[in-house]
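Data block below; observations after.
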Amino acid sequence: MSPLAECCLQESDVDVPVSFEETLPPTKGADRKGLNKLPLRIAVPALRIHMRLKEEQDLLLAAAYVSDAQYNRNVPFKTSPQAIRLYYFYNHWTMQGATYFFICVDLSLALFEEPALFPLPFLVTSIAELLCLTAFFGRLVHFAKVIPQMVFWKDTKNICIMVTIVLTLIDLITYGSLKAANIHSVRWSRALRPVFLINFPEGRQIRRTFRSIRNTLPDILYVFLLFVFSVLIFSLMGLKLFGDRGLKTVEGSPYFTNILEIMFELYVLVTTANSPDVMMPAYELNWWYSLYFITYTIINTYIFMSVFLAVVYNNYRKHLKNEIRKLVHLKCYKMTEAFNILKVKVGTEFVVKEAQWKRLAKVVVPDISTSHLELLLRISDEGQKGHVDKRNFLRLADLLNIQVVTINIKRHPLEAWMPRVYQSSASLLVQKMVRHRIFVWVYDVIILINAIFIALDEKIPFISDAEWLFLSLYIIEILLKLYTYEPRAYFGRKQFWNWFDTLIIIAALLATVANTTIQSARKYNSQQVLDMVLILRILRLLRVIVSIQRFRVIVTTLINIGPTMLTFGGLVLVVYYVFAIIGMEAFHGKVRFFDPNFTAPDALVCGNPALRDSAFARDRYCRNNFNDLTSSLVVLMELTVVNHFLLLADGFALVTHQAAKLYFIVFHVVVVILVVNIFIAFILEAFFVAYSLEKSEVETAIEKKIQELGVGVQEEDVQDGKLTDNMDAKDSGFSGDGEDNKRKALKGLYFRIASRKYRTVDTLLQQMFESEIAPEDEGPSLNEILSFSSSDMYPKNPNFENSA
């Protein structure tokens, strides 16, 4: 058990006597007195009913705590029976799915509002937005019914949602009134729409990221101010060096004569978007002046940007680590609460009975198989005593988060239909060849040869005919594997690469046949079908990933950290959406795109005379505009790459005002310097953790028990297609004491740990930071947990021992 979780075991268990009154569920005093006055033949059944109701309520309450601990939810819900039922309904997947649906609809309204990609009347979009606001308000009211009133009103995210709803309604009414009067106005509330994505409980991952970034900003500010000071010093130097020399840029404008223009040019030089163009006029005058720009580039581009990356990530990681520390302690607190609800005293210690533990697990995970449940019980009830102690009970949430795959080994259908043929010497030889490593190597060579043929000109008849040979070889490979391996095992739920390989081959075969049929008809050639054939041929080369183990491990690791990437993807979406809305309000209609065949004079200047003779119009950047949401997002993506940052910023500054460059600078600071640096560093660390981290203690305990029971199977066997994942397989319990009895009870049923897949982002984060969180002598209280700060992670009076 991790040192951090041991803090939960420090609390002393006190035997609290339970009175007759306390065994009854919460009822009015008169009802209890009336129950006591009933005749014995009526009172006893009534008491049993009351006891059963209280037991069910306690079970639901404990399951709510365990479910919160499993999914790392931090909701201080009320514990009344009605509130618990509402809380279960609040967390139901349909309610969460409906919330996400209305959030997506609300965000996508920008596609249909002016400036629109698909224009719809204002009445339609406003009704849709009102429906979304109604759904958000209903979700908020539901949440208010679940948690205590004081907690609800102290929660900042609830206030943010309510304020955003009110401001959106005010903006809708104002904009609609002005539009009815033919007065142009700005829909400023659209930039607030991501607030709903961030502040609803379902967005806790994005909210945590924003909170960590917010806490990081004070530390970044000092580095950024030092960076700005460096740019200012070099700008003053550039002004004195080149301002009075009469130099001109390529466009013919004065060179380094305005301090603000110099600062902007040097800031863009940090991105390398205007290098070496910004240096050329001075370099042509004297090559010694290149030292000025080289020195600036080394100091600000390489040194300061590296320091930015280090400071941003170090401080972000420190605050994120504090968030995870709080999360782990909250999990411990909730599991302790669940244990205290269900505990009974056996001898000198408090435990949870086996039957109650099973019922709890079934309530938390209703679709868990009996065999899986029995396996977890064997791990929790180590001595087979019929109960689970506190230490093992606290691991339940972690046990449920580990994906234990139940594998059912079945006989091949041909072995059942034609046993003599399938078990003949020739058949066994074929199966042995297919299972041999040389079989894989042969097809790796075939794939490489196929790659060479794909690169050659397919108009040559020999090259074109060879395609049919390669397709035939791939089909023979799949048929041989289906002959050797049980088909349901080969196409199991988790056998992604087998599905991918087969679908690619089938699709390529169908596309090739369709293309050959079309060409043989000599009526027309379908370019779309031909393109599909070419793409599928190239995709076949991805089979190399299936064949080479190290490739497969890397790709699987990337898939495993996918949820973490999606969290940062949500963060980038929020930032992009806000900047896109601001950009559309500020720049829409300023730049217009015309068809290349359009010969009107406006087409040469992107519909704006201010762009005449500009690099923006000369390079045909007219499509890069803010005239709708998708175009805006494309421009922001180009700004993130920063390849033509200066050209884009200058173009929009020409059609509006030079102050518009601030928009692009702020975007670069927020996205490139802050968010992208955190994204890159965090993904790197998450990749290394997922790629090389040893199994956790809980995983080790599960694997140990699987091996003790003699029902383990290696992951490599599953990846080779020999077995199938079958969580819905025939449930078999663990009966009997001897090893033979266990195997008989589990006929054909085996287990393995899924390949390090994390059910939630929090699980990965906990794996990343849990080893760095020092064990505590005593578990903190709930108020102490909620008030943790980043400074709490470090010793108050540092010395050599505690610092180390």
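Labels used: A, B, ... for chains in the order of the structure tokens, numbers from 1 for residues in each chain, and numbers from 1 for ligands as shown.
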Can you list, as an mmCIF file with N, CA, C and O atoms, in the first residue's frame, every protein, DNA or RNA residue that comes within 9 Å of range 472-477 of chain A when you count only C-alpha atoms, leaving out same-chain residues fewer than 6 positions away?
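Now in result01.cif:
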data_model
loop_
_atom_site.group_PDB
_atom_site.id
_atom_site.type_symbol
_atom_site.label_atom_id
_atom_site.label_comp_id
_atom_site.auth_asym_id
_atom_site.auth_seq_id
_atom_site.Cartn_x
_atom_site.Cartn_y
_atom_site.Cartn_z
ATOM 1 N N VAL A 434 2.414 -20.870 -38.856
ATOM 2 C CA VAL A 434 1.775 -19.560 -38.679
ATOM 3 C C VAL A 434 2.167 -18.950 -37.340
ATOM 4 O O VAL A 434 2.353 -17.730 -37.228
ATOM 5 N N TYR A 443 6.375 -11.848 -43.788
ATOM 6 C CA TYR A 443 5.402 -10.842 -44.207
ATOM 7 C C TYR A 443 5.923 -9.420 -43.972
ATOM 8 O O TYR A 443 5.485 -8.476 -44.649
ATOM 9 N N ILE A 446 7.639 -8.838 -47.172
ATOM 10 C CA ILE A 446 6.640 -8.606 -48.229
ATOM 11 C C ILE A 446 6.118 -7.175 -48.160
ATOM 12 O O ILE A 446 5.938 -6.512 -49.190
ATOM 13 N N THR A 502 -7.227 -6.269 -40.939
ATOM 14 C CA THR A 502 -8.240 -6.929 -41.780
ATOM 15 C C THR A 502 -9.081 -5.921 -42.554
ATOM 16 O O THR A 502 -9.338 -6.098 -43.756
ATOM 17 N N ILE A 505 -7.164 -4.401 -45.491
ATOM 18 C CA ILE A 505 -7.021 -5.324 -46.622
ATOM 19 C C ILE A 505 -8.345 -5.471 -47.380
ATOM 20 O O ILE A 505 -8.386 -5.430 -48.621
ATOM 21 N N ILE A 506 -9.443 -5.638 -46.645
ATOM 22 C CA ILE A 506 -10.755 -5.789 -47.296
ATOM 23 C C ILE A 506 -11.112 -4.521 -48.073
ATOM 24 O O ILE A 506 -11.584 -4.590 -49.218
#
Just the residues within 12 Å of range 163-168 of chain A, please, counting only C-alpha atoms, with nothing from its chain fewer than 2 positions along; format it as a ChimeraX atom specification.
-> /A:106,126,129-138,140,156-161,170-176,187-199
Apply DSSP to the structure's backbone, then extract all residues of range 256-407 of chain A labelled strand (DSSP E) and return them as a PyMOL selection string.
-> chain A and resi 344-346+349-353+387-389+404-407
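Residues within 9 Å of Tyr100 in chain A, counting only C-alpha atoms and excluding same-chain residues fewer than 4 positions away, are Met95, Gln96, Cys104, Val105, Leu197 and Glu202 of chain A.
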Next, dump the selected residues to file, keeping only all heavy atoms, as a PDB file, in the first residue's frame.
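Generated output (out-v1.pdb):
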ATOM      1  N   MET A  95     -27.396  12.005 -18.045  1.00  0.00           N
ATOM      2  CA  MET A  95     -27.368  13.407 -17.638  1.00  0.00           C
ATOM      3  C   MET A  95     -26.058  14.066 -18.058  1.00  0.00           C
ATOM      4  O   MET A  95     -26.046  15.207 -18.546  1.00  0.00           O
ATOM      5  CB  MET A  95     -27.547  13.511 -16.121  1.00  0.00           C
ATOM      6  CG  MET A  95     -28.888  12.989 -15.616  1.00  0.00           C
ATOM      7  SD  MET A  95     -30.270  13.940 -16.300  1.00  0.00           S
ATOM      8  CE  MET A  95     -30.006  15.523 -15.523  1.00  0.00           C
ATOM      9  N   GLN A  96     -24.961  13.354 -17.883  1.00  0.00           N
ATOM     10  CA  GLN A  96     -23.677  13.903 -18.303  1.00  0.00           C
ATOM     11  C   GLN A  96     -23.618  14.053 -19.818  1.00  0.00           C
ATOM     12  O   GLN A  96     -23.112  15.058 -20.331  1.00  0.00           O
ATOM     13  CB  GLN A  96     -22.549  12.997 -17.810  1.00  0.00           C
ATOM     14  CG  GLN A  96     -22.409  12.968 -16.292  1.00  0.00           C
ATOM     15  CD  GLN A  96     -21.282  12.067 -15.826  1.00  0.00           C
ATOM     16  OE1 GLN A  96     -20.776  11.246 -16.593  1.00  0.00           O
ATOM     17  NE2 GLN A  96     -20.900  12.202 -14.570  1.00  0.00           N
ATOM     18  N   CYS A 104     -21.897  21.439 -26.479  1.00  0.00           N
ATOM     19  CA  CYS A 104     -21.450  21.404 -27.881  1.00  0.00           C
ATOM     20  C   CYS A 104     -22.359  22.246 -28.769  1.00  0.00           C
ATOM     21  O   CYS A 104     -21.883  22.971 -29.654  1.00  0.00           O
ATOM     22  CB  CYS A 104     -21.403  19.959 -28.385  1.00  0.00           C
ATOM     23  SG  CYS A 104     -20.117  18.957 -27.620  1.00  0.00           S
ATOM     24  N   VAL A 105     -23.674  22.152 -28.544  1.00  0.00           N
ATOM     25  CA  VAL A 105     -24.613  22.956 -29.334  1.00  0.00           C
ATOM     26  C   VAL A 105     -24.366  24.437 -29.096  1.00  0.00           C
ATOM     27  O   VAL A 105     -24.322  25.251 -30.044  1.00  0.00           O
ATOM     28  CB  VAL A 105     -26.069  22.594 -28.973  1.00  0.00           C
ATOM     29  CG1 VAL A 105     -27.042  23.586 -29.604  1.00  0.00           C
ATOM     30  CG2 VAL A 105     -26.399  21.178 -29.436  1.00  0.00           C
ATOM     31  N   LEU A 197     -18.292  24.981 -20.317  1.00  0.00           N
ATOM     32  CA  LEU A 197     -17.442  23.800 -20.467  1.00  0.00           C
ATOM     33  C   LEU A 197     -16.477  23.668 -19.296  1.00  0.00           C
ATOM     34  O   LEU A 197     -16.203  22.561 -18.821  1.00  0.00           O
ATOM     35  CB  LEU A 197     -16.658  23.892 -21.783  1.00  0.00           C
ATOM     36  CG  LEU A 197     -15.635  22.789 -22.052  1.00  0.00           C
ATOM     37  CD1 LEU A 197     -16.315  21.433 -22.147  1.00  0.00           C
ATOM     38  CD2 LEU A 197     -14.851  23.086 -23.327  1.00  0.00           C
ATOM     39  N   GLU A 202     -18.387  18.205 -14.858  1.00  0.00           N
ATOM     40  CA  GLU A 202     -17.832  17.304 -15.864  1.00  0.00           C
ATOM     41  C   GLU A 202     -16.522  17.838 -16.442  1.00  0.00           C
ATOM     42  O   GLU A 202     -15.737  17.078 -17.011  1.00  0.00           O
ATOM     43  CB  GLU A 202     -18.838  17.093 -17.008  1.00  0.00           C
ATOM     44  CG  GLU A 202     -20.050  16.262 -16.639  1.00  0.00           C
ATOM     45  CD  GLU A 202     -21.082  17.039 -15.838  1.00  0.00           C
ATOM     46  OE1 GLU A 202     -20.957  18.280 -15.738  1.00  0.00           O
ATOM     47  OE2 GLU A 202     -22.006  16.413 -15.310  1.00  0.00           O
TER      48      GLU A 202
END
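The closest residue to Ser212 in chain A, picked from A:Ala610, A:Val312, A:Leu327, A:Ala338 and counting only C-alpha atoms, is A:Val312.
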Considering only C-alpha atoms, return as a ChimeraX atom specification whatever protein or nucleic-acid residues lie within 10 Å of Glu382 in chain A, sequence-local ones (same chain, fewer than 5 positions apart) excluded.
-> /A:377,387-389,392,705
Counting only C-alpha atoms, closest pick from A:Phe598, A:Phe112, A:Tyr71, A:Phe652 relative to Asn401 in chain A is A:Tyr71
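For the choices A:Ser632, A:Asn300, A:Asn624, A:Ser275, the atom-to-atom distance to Leu648 in chain A is smallest for A:Asn624 when using only C-alpha atoms.
Distance annotation: of A:Cys622, A:Leu480, A:Tyr663, A:Tyr296, the residue with the minimal separation from Ile582 in chain A is A:Tyr663; atom set is only C-alpha atoms.
Taking CA of Leu654 in chain A and CA of Leu236 in chain A as endpoints, the distance between them is 24.8 Å.
Counting only C-alpha atoms, the residue from A:Arg139, A:Lys54, A:Lys318, A:Lys179 that sits nearest to Leu86 in chain A is A:Arg139.
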